[in-house]
>>> print(open('target-v9.cif').read())   # mmCIF, C-alpha atoms
data_input
loop_
_atom_site.label_atom_id
_atom_site.label_comp_id
_atom_site.auth_asym_id
_atom_site.auth_seq_id
_atom_site.Cartn_x
_atom_site.Cartn_y
_atom_site.Cartn_z
CA MET E 21 97.37 63.28 5.82
CA LYS E 22 99.03 64.71 8.92
CA ARG E 23 99.01 68.46 9.44
CA SER E 24 102.36 70.03 10.24
CA VAL E 25 102.50 71.99 13.46
CA ILE E 26 104.94 74.31 15.19
CA ILE E 27 104.81 75.62 18.74
CA VAL E 28 106.11 79.09 19.60
CA ASP E 29 105.99 79.62 23.34
CA ASP E 30 108.54 80.75 25.90
CA GLU E 31 106.98 78.59 28.65
CA PRO E 32 108.51 75.11 28.68
CA MET E 33 105.51 73.47 30.38
CA ALA E 34 103.13 74.89 27.81
CA ARG E 35 105.34 73.56 25.01
CA SER E 36 105.51 70.11 26.64
CA PHE E 37 101.74 69.88 26.95
CA ILE E 38 100.99 71.05 23.42
CA GLN E 39 103.54 68.52 22.15
CA ARG E 40 101.86 65.79 24.21
CA TYR E 41 98.41 66.75 22.90
CA CYS E 42 99.70 66.74 19.30
CA GLU E 43 100.94 63.17 19.85
CA LYS E 44 97.63 62.17 21.43
CA MET E 45 95.67 63.49 18.44
CA GLY E 46 97.59 61.25 16.02
CA ASN E 47 96.92 63.41 12.95
CA LEU E 48 99.31 66.23 13.83
CA GLU E 49 103.01 66.22 13.10
CA LEU E 50 105.14 68.49 15.26
CA VAL E 51 107.88 69.88 13.02
CA GLY E 52 109.27 72.54 15.34
CA SER E 53 109.09 73.86 18.88
CA PHE E 54 110.55 77.29 19.63
CA GLU E 55 110.94 79.32 22.78
CA ASP E 56 111.25 82.61 20.92
CA ALA E 57 109.60 84.18 17.93
CA GLU E 58 112.82 85.11 16.14
CA LYS E 59 113.95 81.49 15.81
CA ALA E 60 110.44 80.52 14.74
CA LEU E 61 110.45 83.20 12.05
CA ASP E 62 113.71 81.88 10.62
CA PHE E 63 112.13 78.45 10.42
CA LEU E 64 108.88 79.75 8.93
CA ASN E 65 110.72 81.68 6.22
CA ASN E 66 112.13 78.42 4.94
CA ASN E 67 109.36 75.98 5.76
CA GLU E 68 105.62 76.13 5.22
CA VAL E 69 103.52 74.75 8.07
CA ASP E 70 99.79 74.14 8.49
CA ILE E 71 99.24 75.17 12.10
CA ILE E 72 101.02 77.45 14.61
CA PHE E 73 100.36 77.35 18.32
CA LEU E 74 101.51 80.83 19.19
CA ASP E 75 102.06 82.50 22.53
CA VAL E 76 101.37 86.22 22.58
CA GLU E 77 103.65 87.50 25.33
CA MET E 78 107.24 86.57 24.60
CA PRO E 79 110.45 88.52 25.19
CA ASN E 80 111.82 90.62 22.28
CA VAL E 81 109.26 89.69 19.62
CA SER E 82 105.60 89.11 20.52
CA GLY E 83 103.30 86.63 18.82
CA PHE E 84 101.51 89.40 16.93
CA GLN E 85 104.83 90.88 15.76
CA LEU E 86 105.74 87.46 14.40
CA LEU E 87 102.47 87.34 12.44
CA ASP E 88 103.23 90.82 11.06
CA GLN E 89 106.46 89.54 9.58
CA MET E 90 105.13 86.40 7.95
CA THR E 91 104.82 86.09 4.21
CA TYR E 92 102.02 83.54 4.39
CA MET E 93 99.34 82.76 6.92
CA PRO E 94 98.93 79.26 8.32
CA LYS E 95 96.11 78.45 10.73
CA VAL E 96 96.98 80.21 13.98
CA ILE E 97 95.89 79.15 17.45
CA LEU E 98 96.89 81.66 20.10
CA THR E 99 97.95 80.34 23.48
CA THR E 100 98.05 82.86 26.25
CA GLY E 101 97.64 83.34 29.97
CA LYS E 102 95.52 86.44 29.53
CA VAL E 103 92.26 87.10 27.74
CA ASP E 104 93.17 90.72 26.94
CA TYR E 105 94.20 89.95 23.38
CA ALA E 106 90.85 88.71 22.07
CA PHE E 107 90.26 91.79 19.93
CA ASP E 108 93.72 91.62 18.33
CA ALA E 109 93.23 87.89 17.79
CA PHE E 110 90.05 88.64 15.89
CA GLU E 111 91.84 91.27 13.80
CA TYR E 112 94.53 88.78 12.84
CA GLY E 113 91.93 86.16 11.91
CA VAL E 114 93.24 83.49 14.27
CA VAL E 115 91.26 80.27 14.38
CA ASP E 116 91.10 79.92 18.14
CA TYR E 117 92.32 81.42 21.36
CA LEU E 118 93.39 79.01 24.10
CA LYS E 119 93.82 80.25 27.63
CA LYS E 120 96.62 78.56 29.55
CA PRO E 121 96.81 76.08 31.09
CA ILE E 122 95.28 74.29 28.14
CA THR E 123 93.16 71.19 28.67
CA PHE E 124 93.15 68.36 26.14
CA LYS E 125 89.43 68.82 25.58
CA ARG E 126 89.90 72.48 24.66
CA PHE E 127 92.86 71.57 22.45
CA GLN E 128 90.70 69.03 20.58
CA GLU E 129 88.01 71.67 20.05
CA ALA E 130 90.56 74.04 18.50
CA ILE E 131 91.76 71.35 16.09
CA GLU E 132 88.16 70.53 15.22
CA LYS E 133 87.66 74.20 14.27
CA ILE E 134 90.62 73.90 11.91
CA ASN E 135 89.23 70.70 10.43
CA PHE E 136 85.88 72.39 9.92
CA GLN E 137 87.50 75.34 8.14
CA ALA E 138 89.54 72.94 6.00
CA ARG E 139 86.35 71.17 4.92
CA ILE E 140 84.83 74.51 3.88
CA ASP E 141 88.05 75.50 2.04
CA SER E 142 88.04 72.17 0.26
CA VAL E 143 84.46 72.64 -0.97
CA GLU E 144 85.29 76.17 -2.13
CA ASN E 145 88.41 74.97 -3.96
CA ASN E 146 86.47 72.21 -5.70
CA ASN E 147 84.14 74.85 -7.06
CA LYS E 148 87.01 76.78 -8.59
CA ASN E 149 88.41 76.11 -12.06
CA PRO E 150 91.51 73.95 -11.42
CA ASP E 151 93.15 75.29 -14.59
CA VAL E 152 93.28 78.83 -13.25
CA LYS E 153 96.79 79.54 -12.04
CA MET E 154 97.65 81.81 -9.13
CA GLU E 155 98.17 85.19 -10.74
CA GLU E 156 98.66 87.53 -7.85
CA ILE E 157 100.30 87.71 -4.48
CA PHE E 158 99.84 89.69 -1.28
CA ILE E 159 102.99 91.35 -0.05
CA LYS E 160 103.36 92.51 3.53
CA SER E 161 105.10 95.84 3.19
CA ASP E 162 104.85 99.14 5.10
CA GLY E 163 102.63 97.50 7.71
CA LYS E 164 99.93 96.40 5.30
CA LEU E 165 99.15 93.64 2.82
CA THR E 166 99.26 94.86 -0.76
CA ARG E 167 97.93 92.86 -3.69
CA ILE E 168 100.28 92.73 -6.67
CA SER E 169 99.53 91.06 -9.96
CA PHE E 170 102.28 88.74 -11.20
CA GLN E 171 102.28 90.52 -14.55
CA ASP E 172 103.25 93.79 -12.84
CA ILE E 173 106.36 92.35 -11.21
CA LEU E 174 109.55 92.81 -13.23
CA TYR E 175 111.92 90.98 -10.89
CA ILE E 176 112.54 90.25 -7.24
CA GLU E 177 115.81 90.96 -5.52
CA SER E 178 117.16 89.60 -2.26
CA ILE E 179 118.59 92.19 0.15
CA GLY E 180 119.81 90.46 3.31
CA ASP E 181 116.77 89.53 5.42
CA TYR E 182 114.45 91.33 2.98
CA VAL E 183 113.25 90.94 -0.57
CA LYS E 184 112.46 93.78 -2.94
CA TYR E 185 109.65 93.38 -5.48
CA ILE E 186 110.30 95.66 -8.43
CA THR E 187 107.33 96.71 -10.55
CA ALA E 188 107.21 99.36 -13.28
CA ASN E 189 105.66 101.91 -10.93
CA LYS E 190 106.78 101.06 -7.42
CA ASN E 191 109.13 98.91 -5.37
CA TYR E 192 107.95 96.94 -2.33
CA ILE E 193 110.28 95.74 0.42
CA ALA E 194 109.14 92.83 2.60
CA LEU E 195 110.79 90.81 5.36
CA SER E 196 111.27 87.43 3.69
CA THR E 197 113.76 85.25 1.90
CA LEU E 198 114.17 84.58 -1.79
CA LYS E 199 113.71 80.89 -1.01
CA ALA E 200 110.23 81.52 0.43
CA VAL E 201 109.32 83.68 -2.59
CA GLU E 202 110.68 81.05 -4.96
CA LYS E 203 108.29 78.45 -3.53
CA LYS E 204 105.31 80.65 -4.27
CA MET E 205 106.21 82.16 -7.63
CA VAL E 206 108.53 79.95 -9.62
CA GLY E 207 106.49 78.03 -12.15
CA ASN E 208 104.10 80.96 -12.62
CA GLY E 209 106.24 82.64 -15.28
CA PHE E 210 109.03 83.39 -12.84
CA MET E 211 112.45 81.87 -12.62
CA LYS E 212 115.40 82.09 -10.29
CA VAL E 213 118.46 83.14 -12.28
CA HIS E 214 120.87 84.02 -9.50
CA ARG E 215 121.03 83.53 -5.74
CA SER E 216 119.80 87.12 -5.38
CA TYR E 217 117.31 87.35 -8.25
CA ILE E 218 114.03 85.87 -9.43
CA VAL E 219 112.86 87.32 -12.73
CA ASN E 220 109.59 87.53 -14.64
CA LEU E 221 110.44 85.66 -17.85
CA HIS E 222 107.92 87.72 -19.84
CA LYS E 223 109.76 90.94 -18.97
CA ILE E 224 113.23 89.99 -20.22
CA LYS E 225 114.38 92.35 -22.95
CA ASP E 226 117.85 91.00 -23.77
CA ILE E 227 120.03 88.10 -22.78
CA LYS E 228 123.73 88.24 -23.38
CA ASP E 229 126.26 85.75 -22.04
CA ASN E 230 125.72 85.69 -18.30
CA THR E 231 123.39 88.66 -17.94
CA LEU E 232 119.85 89.59 -18.84
CA VAL E 233 118.16 92.97 -19.04
CA ILE E 234 114.76 93.96 -17.70
CA GLU E 235 113.68 97.61 -18.08
CA GLY E 236 117.31 98.69 -18.32
CA LYS E 237 118.41 96.77 -15.25
CA VAL E 238 121.25 94.32 -15.92
CA ILE E 239 120.76 91.16 -13.90
CA PRO E 240 123.43 88.48 -13.57
CA ILE E 241 122.65 84.87 -14.49
CA SER E 242 124.53 82.32 -12.43
CA ARG E 243 126.38 79.66 -14.40
CA SER E 244 124.18 76.96 -12.89
CA TYR E 245 121.00 78.65 -14.22
CA GLN E 246 122.23 79.59 -17.73
CA SER E 247 121.04 76.48 -19.56
CA ASP E 248 117.70 76.53 -17.68
CA VAL E 249 117.09 80.11 -18.79
CA LYS E 250 117.69 79.17 -22.43
CA ASP E 251 115.33 76.21 -22.06
CA ARG E 252 112.57 78.43 -20.73
CA ILE E 253 112.60 81.08 -23.47
CA ASN E 254 111.72 80.68 -27.13
CA VAL E 255 114.92 80.94 -29.11
CA VAL E 256 114.41 81.01 -32.88
CA MET J 172 81.10 26.95 36.41
CA LEU J 173 78.92 29.05 34.15
CA LEU J 174 77.63 30.96 37.17
CA PHE J 175 81.18 31.53 38.39
CA SER J 176 82.22 32.78 34.97
CA LEU J 177 79.28 35.17 34.86
CA HIS J 178 80.00 36.50 38.35
CA TYR J 179 83.67 36.89 37.48
CA ARG J 180 82.84 38.81 34.32
CA ILE J 181 80.42 41.14 36.10
CA PHE J 182 82.92 41.66 38.93
CA THR J 183 85.84 42.45 36.62
CA GLN J 184 83.71 44.73 34.45
CA ILE J 185 82.51 46.67 37.48
CA GLY J 186 86.06 46.80 38.81
CA HIS J 187 87.42 48.03 35.48
CA SER J 188 84.69 50.58 35.12
CA ASN J 189 85.31 51.88 38.65
CA MET J 190 89.01 52.21 37.91
CA GLU J 191 88.32 54.21 34.75
CA ASN J 192 85.83 56.52 36.41
CA ALA J 193 87.44 56.81 39.82
CA GLN J 194 87.76 60.48 40.63
CA LEU J 195 91.38 61.55 41.03
CA THR J 196 92.06 63.13 44.37
CA TYR J 197 95.00 65.28 45.31
CA ASP J 198 96.76 66.30 48.51
CA GLU J 199 94.75 68.98 50.29
CA ARG J 200 97.73 71.36 50.25
CA LEU J 201 97.42 71.47 46.45
CA ASP J 202 94.64 73.24 44.55
CA SER J 203 92.52 70.20 43.72
CA ALA J 204 89.81 72.13 41.91
CA PHE J 205 92.38 73.64 39.58
CA LEU J 206 94.10 70.31 38.97
CA GLU J 207 90.76 68.69 38.18
CA SER J 208 89.96 71.47 35.74
CA ILE J 209 93.17 71.02 33.75
CA TYR J 210 93.68 67.26 33.90
CA GLU J 211 89.99 66.34 33.68
CA ASN J 212 90.54 63.18 35.69
CA ASP J 213 93.21 61.90 33.30
CA LYS J 214 95.80 60.32 35.58
CA GLU J 215 98.41 59.99 32.83
CA ASP J 216 98.15 63.67 31.90
CA ALA J 217 98.39 64.61 35.56
CA ALA J 218 101.46 62.42 36.09
CA PHE J 219 102.98 63.96 32.95
CA GLY J 220 102.38 67.48 34.27
CA PHE J 221 103.95 66.69 37.65
CA GLU J 222 106.90 64.96 35.97
CA GLN J 223 107.56 67.88 33.62
CA PHE J 224 107.43 70.32 36.51
CA LEU J 225 109.81 68.31 38.72
CA LYS J 226 112.22 67.90 35.81
CA SER J 227 112.28 71.54 34.76
CA TYR J 228 111.79 73.67 37.87
CA PRO J 229 115.24 73.18 39.53
CA ALA J 230 117.13 74.67 36.57
CA HIS J 231 114.63 77.48 36.06
CA PHE J 232 114.54 78.27 39.76
CA SER J 233 118.36 78.41 39.88
CA GLU J 234 118.31 80.88 36.98
CA LEU J 235 115.78 83.00 38.84
CA GLU J 236 117.87 82.93 42.02
CA LEU J 237 120.95 83.99 40.06
CA CYS J 238 119.13 86.97 38.56
CA PHE J 239 117.93 87.95 42.05
CA GLU J 240 121.42 87.69 43.51
CA ASN J 241 122.91 89.65 40.61
CA GLY J 242 120.27 92.34 40.93
CA ASP J 243 119.26 92.04 37.28
CA LEU J 244 115.66 93.17 37.61
CA MET J 245 114.77 93.03 33.93
CA LEU J 246 115.99 89.47 33.50
CA PHE J 247 114.50 88.51 36.86
CA ARG J 248 111.11 89.82 35.72
CA GLN J 249 111.43 87.85 32.47
CA LYS J 250 112.33 84.64 34.32
CA ILE J 251 109.53 84.90 36.87
CA HIS J 252 107.03 85.62 34.11
CA LYS J 253 108.14 82.45 32.33
CA LEU J 254 108.17 80.35 35.52
CA LYS J 255 104.89 81.69 36.94
CA PRO J 256 102.36 79.44 35.16
CA THR J 257 104.33 76.23 35.70
CA PHE J 258 103.42 76.11 39.42
CA SER J 259 99.75 75.85 38.57
CA PHE J 260 100.38 72.62 36.65
CA VAL J 261 101.12 70.95 40.01
CA GLY J 262 98.37 72.69 41.94
CA LEU J 263 100.58 75.40 43.44
CA THR J 264 98.23 78.16 42.36
CA ASN J 265 99.14 80.14 45.50
CA VAL J 266 102.78 80.18 44.33
CA THR J 267 101.65 81.32 40.87
CA ALA J 268 99.70 84.14 42.55
CA LYS J 269 102.77 85.20 44.55
CA ALA J 270 104.89 85.15 41.37
CA GLU J 271 102.30 87.27 39.61
CA MET J 272 102.37 89.80 42.43
CA ILE J 273 106.17 90.01 42.22
CA GLU J 274 105.99 90.47 38.45
CA ARG J 275 103.47 93.26 38.83
CA ILE J 276 105.61 95.06 41.41
CA CYS J 277 108.66 94.69 39.15
CA ASP J 278 106.66 96.41 36.41
CA SER J 279 105.34 99.19 38.60
CA THR J 280 108.33 100.13 40.76
CA GLY J 281 111.33 98.87 38.85
CA GLU J 282 113.22 98.39 42.14
CA PHE J 283 114.52 95.26 43.84
CA ASP J 284 113.97 96.63 47.37
CA SER J 285 110.23 96.51 46.90
CA ILE J 286 110.17 92.80 46.12
CA ASN J 287 112.69 91.48 48.69
CA GLU J 288 110.14 90.32 51.27
CA LEU J 289 107.71 89.02 48.68
CA TYR J 290 110.42 87.02 47.00
CA LYS J 291 111.48 85.45 50.32
CA ASP J 292 107.87 84.46 50.98
CA PHE J 293 107.51 83.06 47.45
CA LYS J 294 110.71 81.04 47.86
CA ASN J 295 109.84 79.70 51.32
CA THR J 296 106.36 78.62 50.21
CA LEU J 297 107.82 76.87 47.20
CA ILE J 298 110.53 75.08 49.21
CA GLU J 299 107.91 73.96 51.73
CA LEU J 300 105.58 72.56 49.09
CA ILE J 301 108.03 70.84 46.74
CA PRO J 302 108.05 67.62 48.87
CA VAL J 303 104.22 67.56 48.61
CA VAL J 304 104.49 67.78 44.83
CA LYS J 305 107.04 64.94 44.82
CA GLU J 306 104.79 62.77 47.01
CA GLU J 307 101.85 63.47 44.76
CA TYR J 308 103.86 62.55 41.68
CA ASN J 309 104.86 59.23 43.25
CA ARG J 310 101.24 58.55 44.16
CA LEU J 311 100.07 59.33 40.60
CA ASN J 312 102.55 56.81 39.29
CA THR J 313 101.33 53.93 41.44
#
>>> encode(input="target-v9.cif", output="structure tokens")
Amino acid sequence: MKRSVIIVDDEPMARSFIQRYCEKMGNLELVGSFEDAEKALDFLNNNEVDIIFLDVEMPNVSGFQLLDQMTYMPKVILTTGKVDYAFDAFEYGVVDYLKKPITFKRFQEAIEKINFQARIDSVENNNKNPDVKMEEIFIKSDGKLTRISFQDILYIESIGDYVKYITANKNYIALSTLKAVEKKMVGNGFMKVHRSYIVNLHKIKDIKDNTLVIEGKVIPISRSYQSDVKDRINVV
Amino acid sequence: MLLFSLHYRIFTQIGHSNMENAQLTYDERLDSAFLESIYENDKEDAAFGFEQFLKSYPAHFSELELCFENGDLMLFRQKIHKLKPTFSFVGLTNVTAKAEMIERICDSTGEFDSINELYKDFKNTLIELIPVVKEEYNRLNT
């Protein structure tokens, strides 16, 4: 299976070479090439990729700032002209750090590191019980990653470029889209009921016509989701 | 006939092997050591690098010139930062070094006056060496 790759680099020559090396490898599929981090972030919020080749120094938003805003973490290979960022790279858990200009040999080594990690991940996953469902999520909010159990989340609301996770005790706001959240949570007891809402089905108190109530909050149900909601709950 | 065939095979194998292993050489005005380090004797990669540079630099250089003429130091600094590494891909490491110097002075002084002479020198060196890069590209494609 081919691994999906995006390149985020403001230097056109660097992008051209990484693209060429991806083609030479044969097992990498380039799905996007961006000269700035903002456009890349838009893409990443709607598409999950396996590998990012990421430049550090870019105008407006740096490579590290892009990583701060991501809701999931693919394998990251930093590409930079300087070696000053090694410590930060370590902190962000990047797989490799390629100094420009990048040779094909060095590129191959970086991909081999990813393959090696994937083999370890695969062994670890095989040792896990496949029936165990994902029951928690890490949310990047207030500059840190916070673990939240699915059972604590009442509903999730879209607010422009952000999403708000509402729990009984606290609300968390993260830079993301409802579409990205939907991919991760729907099917784990959550359901999208409106273009701005995903709800925890176990927390619904009442349903009436085109609204439902969770902890006193009245949430609209779009017409297109009404029959799906009824299918998902036990009506006696 | 058998002897001829054997000689032919040995000759062609040696010839082929020599072609594969032949060390790429570059014009002495370019930084050969640097080019060898990035292209690792891969002629196709080298030709690709030269091609990409020749395709992209005119537009990027025009943008840089425009920023210089307009006196937009911030944008000029951004453009030269972006353009800086591309010269190395064709062995113009001296031009990259000049660009780096200009970038550093932009950062430290924030004034156009301090980079005027350096920029002229950068531009003249580049204009002088572009024909060498073109020649080298043609040679890599033969």
>>> closest_atom_pairs(input="target-v9.cif", of="chain E", to="chain J", cutoff="7 Å", atoms="only C-alpha atoms", output="JSON lines")
{"residue": "E:Asp30", "atom": "CA", "partner": "J:Lys253", "partner_atom": "CA", "distance": 6.7}
{"residue": "E:Glu31", "atom": "CA", "partner": "J:Lys253", "partner_atom": "CA", "distance": 5.5}
{"residue": "E:Met33", "atom": "CA", "partner": "J:Thr257", "partner_atom": "CA", "distance": 6.1}
{"residue": "E:Pro121", "atom": "CA", "partner": "J:Ile209", "partner_atom": "CA", "distance": 6.8}
{"residue": "E:Ile122", "atom": "CA", "partner": "J:Ile209", "partner_atom": "CA", "distance": 6.8}
{"residue": "E:Thr123", "atom": "CA", "partner": "J:Ile209", "partner_atom": "CA", "distance": 5.1}
>>> residues_near_point(input="target-v9.cif", point="(110.3, 89.7, 23.6)", cutoff="10 Å", atoms="only C-alpha atoms", output="list in words")
Asp30, Asp56, Ala57, Glu58, Val76, Glu77, Met78, Pro79, Asn80, Val81, Ser82, Gly83 and Gln85 of chain E; Gln249 of chain J
>>> residues_around(input="target-v9.cif", residues="Leu64 in chain E", least_positions_apart="6", cutoff="12 Å", atoms="only C-alpha atoms", output="list of chain:residue names")
E:Ser24, E:Val25, E:Ile26, E:Ile27, E:Val28, E:Val51, E:Gly52, E:Ser53, E:Phe54, E:Ala57, E:Glu58, E:Asp70, E:Ile71, E:Ile72, E:Leu86, E:Leu87, E:Gln89, E:Met90, E:Thr91, E:Tyr92, E:Met93, E:Pro94, E:Leu195, E:Ser196, E:Thr197, E:Lys199, E:Ala200
>>> atom_distance(input="target-v9.cif", atom1="CA of Thr231 in chain E", atom2="CA of Ser169 in chain E")
25.3 Å
>>> closest_residue(input="target-v9.cif", among="E:His214, E:Arg23, E:Arg167, E:Lys120", to="Cys42 in chain E", atoms="all atoms listed in the file")
E:Arg23
>>> closest_residue(input="target-v9.cif", among="J:Leu311, J:Ala230, J:Val261, J:Ile298", to="Glu215 in chain J", atoms="all atoms listed in the file")
J:Leu311
>>> resolve_selection(input="target-v9.cif", expression="the PyMOL selection byres ((chain J and resi 268-279) around 8)", output="PyMOL selection string")
chain J and resi 244+248+251-252+255+264-267+280-283+285-286+289-290+293
>>> atom_distance(input="target-v9.cif", atom1="CA of Leu198 in chain E", atom2="CA of Lys212 in chain E")
8.9 Å
>>> build_atoms(input="target-v9.cif", residues="range 275-303 of chain J", atoms="N, CA and C atoms", output="PDB file, keeping the file's coordinate frame")
ATOM      1  N   ARG J 275     104.183  91.984  38.922  1.00  0.00           N
ATOM      2  CA  ARG J 275     103.470  93.260  38.830  1.00  0.00           C
ATOM      3  C   ARG J 275     104.264  94.384  39.524  1.00  0.00           C
ATOM      4  N   ILE J 276     104.833  94.028  40.683  1.00  0.00           N
ATOM      5  CA  ILE J 276     105.610  95.060  41.410  1.00  0.00           C
ATOM      6  C   ILE J 276     106.879  95.409  40.635  1.00  0.00           C
ATOM      7  N   CYS J 277     107.490  94.417  40.014  1.00  0.00           N
ATOM      8  CA  CYS J 277     108.660  94.690  39.150  1.00  0.00           C
ATOM      9  C   CYS J 277     108.284  95.719  38.083  1.00  0.00           C
ATOM     10  N   ASP J 278     107.110  95.510  37.479  1.00  0.00           N
ATOM     11  CA  ASP J 278     106.660  96.410  36.410  1.00  0.00           C
ATOM     12  C   ASP J 278     106.390  97.810  36.924  1.00  0.00           C
ATOM     13  N   SER J 279     105.781  97.876  38.126  1.00  0.00           N
ATOM     14  CA  SER J 279     105.340  99.190  38.600  1.00  0.00           C
ATOM     15  C   SER J 279     106.462  99.992  39.262  1.00  0.00           C
ATOM     16  N   THR J 280     107.323  99.346  40.046  1.00  0.00           N
ATOM     17  CA  THR J 280     108.330 100.130  40.760  1.00  0.00           C
ATOM     18  C   THR J 280     109.703 100.113  40.088  1.00  0.00           C
ATOM     19  N   GLY J 281     110.020  98.987  39.485  1.00  0.00           N
ATOM     20  CA  GLY J 281     111.330  98.870  38.850  1.00  0.00           C
ATOM     21  C   GLY J 281     112.469  98.829  39.850  1.00  0.00           C
ATOM     22  N   GLU J 282     112.176  98.437  41.103  1.00  0.00           N
ATOM     23  CA  GLU J 282     113.220  98.390  42.140  1.00  0.00           C
ATOM     24  C   GLU J 282     113.210  97.046  42.866  1.00  0.00           C
ATOM     25  N   PHE J 283     114.398  96.549  43.157  1.00  0.00           N
ATOM     26  CA  PHE J 283     114.520  95.260  43.840  1.00  0.00           C
ATOM     27  C   PHE J 283     114.046  95.339  45.302  1.00  0.00           C
ATOM     28  N   ASP J 284     114.313  96.493  45.945  1.00  0.00           N
ATOM     29  CA  ASP J 284     113.970  96.630  47.370  1.00  0.00           C
ATOM     30  C   ASP J 284     112.504  96.310  47.641  1.00  0.00           C
ATOM     31  N   SER J 285     111.661  96.680  46.681  1.00  0.00           N
ATOM     32  CA  SER J 285     110.230  96.510  46.900  1.00  0.00           C
ATOM     33  C   SER J 285     109.765  95.057  46.778  1.00  0.00           C
ATOM     34  N   ILE J 286     110.619  94.195  46.271  1.00  0.00           N
ATOM     35  CA  ILE J 286     110.170  92.800  46.120  1.00  0.00           C
ATOM     36  C   ILE J 286     110.912  91.837  47.058  1.00  0.00           C
ATOM     37  N   ASN J 287     111.883  92.346  47.814  1.00  0.00           N
ATOM     38  CA  ASN J 287     112.690  91.480  48.690  1.00  0.00           C
ATOM     39  C   ASN J 287     111.865  90.530  49.549  1.00  0.00           C
ATOM     40  N   GLU J 288     110.941  91.113  50.329  1.00  0.00           N
ATOM     41  CA  GLU J 288     110.140  90.320  51.270  1.00  0.00           C
ATOM     42  C   GLU J 288     109.226  89.345  50.527  1.00  0.00           C
ATOM     43  N   LEU J 289     108.622  89.867  49.468  1.00  0.00           N
ATOM     44  CA  LEU J 289     107.710  89.020  48.680  1.00  0.00           C
ATOM     45  C   LEU J 289     108.446  87.823  48.090  1.00  0.00           C
ATOM     46  N   TYR J 290     109.643  88.094  47.617  1.00  0.00           N
ATOM     47  CA  TYR J 290     110.420  87.020  47.000  1.00  0.00           C
ATOM     48  C   TYR J 290     110.792  85.950  48.035  1.00  0.00           C
ATOM     49  N   LYS J 291     111.147  86.401  49.243  1.00  0.00           N
ATOM     50  CA  LYS J 291     111.480  85.450  50.320  1.00  0.00           C
ATOM     51  C   LYS J 291     110.271  84.569  50.613  1.00  0.00           C
ATOM     52  N   ASP J 292     109.113  85.186  50.691  1.00  0.00           N
ATOM     53  CA  ASP J 292     107.870  84.460  50.980  1.00  0.00           C
ATOM     54  C   ASP J 292     107.564  83.452  49.869  1.00  0.00           C
ATOM     55  N   PHE J 293     107.726  83.917  48.628  1.00  0.00           N
ATOM     56  CA  PHE J 293     107.510  83.060  47.450  1.00  0.00           C
ATOM     57  C   PHE J 293     108.427  81.827  47.522  1.00  0.00           C
ATOM     58  N   LYS J 294     109.697  82.107  47.817  1.00  0.00           N
ATOM     59  CA  LYS J 294     110.710  81.040  47.860  1.00  0.00           C
ATOM     60  C   LYS J 294     110.432  80.046  48.994  1.00  0.00           C
ATOM     61  N   ASN J 295     110.107  80.580  50.171  1.00  0.00           N
ATOM     62  CA  ASN J 295     109.840  79.700  51.320  1.00  0.00           C
ATOM     63  C   ASN J 295     108.619  78.809  51.069  1.00  0.00           C
ATOM     64  N   THR J 296     107.568  79.404  50.494  1.00  0.00           N
ATOM     65  CA  THR J 296     106.360  78.620  50.210  1.00  0.00           C
ATOM     66  C   THR J 296     106.686  77.502  49.227  1.00  0.00           C
ATOM     67  N   LEU J 297     107.463  77.858  48.218  1.00  0.00           N
ATOM     68  CA  LEU J 297     107.820  76.870  47.200  1.00  0.00           C
ATOM     69  C   LEU J 297     108.645  75.736  47.830  1.00  0.00           C
ATOM     70  N   ILE J 298     109.656  76.091  48.594  1.00  0.00           N
ATOM     71  CA  ILE J 298     110.530  75.080  49.210  1.00  0.00           C
ATOM     72  C   ILE J 298     109.705  74.158  50.126  1.00  0.00           C
ATOM     73  N   GLU J 299     108.743  74.728  50.804  1.00  0.00           N
ATOM     74  CA  GLU J 299     107.910  73.960  51.730  1.00  0.00           C
ATOM     75  C   GLU J 299     106.999  72.975  50.966  1.00  0.00           C
ATOM     76  N   LEU J 300     106.566  73.391  49.795  1.00  0.00           N
ATOM     77  CA  LEU J 300     105.580  72.560  49.090  1.00  0.00           C
ATOM     78  C   LEU J 300     106.168  71.583  48.060  1.00  0.00           C
ATOM     79  N   ILE J 301     107.431  71.743  47.730  1.00  0.00           N
ATOM     80  CA  ILE J 301     108.030  70.840  46.740  1.00  0.00           C
ATOM     81  C   ILE J 301     107.920  69.361  47.181  1.00  0.00           C
ATOM     82  N   PRO J 302     108.190  69.029  48.474  1.00  0.00           N
ATOM     83  CA  PRO J 302     108.050  67.620  48.870  1.00  0.00           C
ATOM     84  C   PRO J 302     106.617  67.086  48.668  1.00  0.00           C
ATOM     85  N   VAL J 303     105.631  67.968  48.836  1.00  0.00           N
ATOM     86  CA  VAL J 303     104.220  67.560  48.610  1.00  0.00           C
ATOM     87  C   VAL J 303     104.021  67.204  47.139  1.00  0.00           C
TER      88      VAL J 303
END
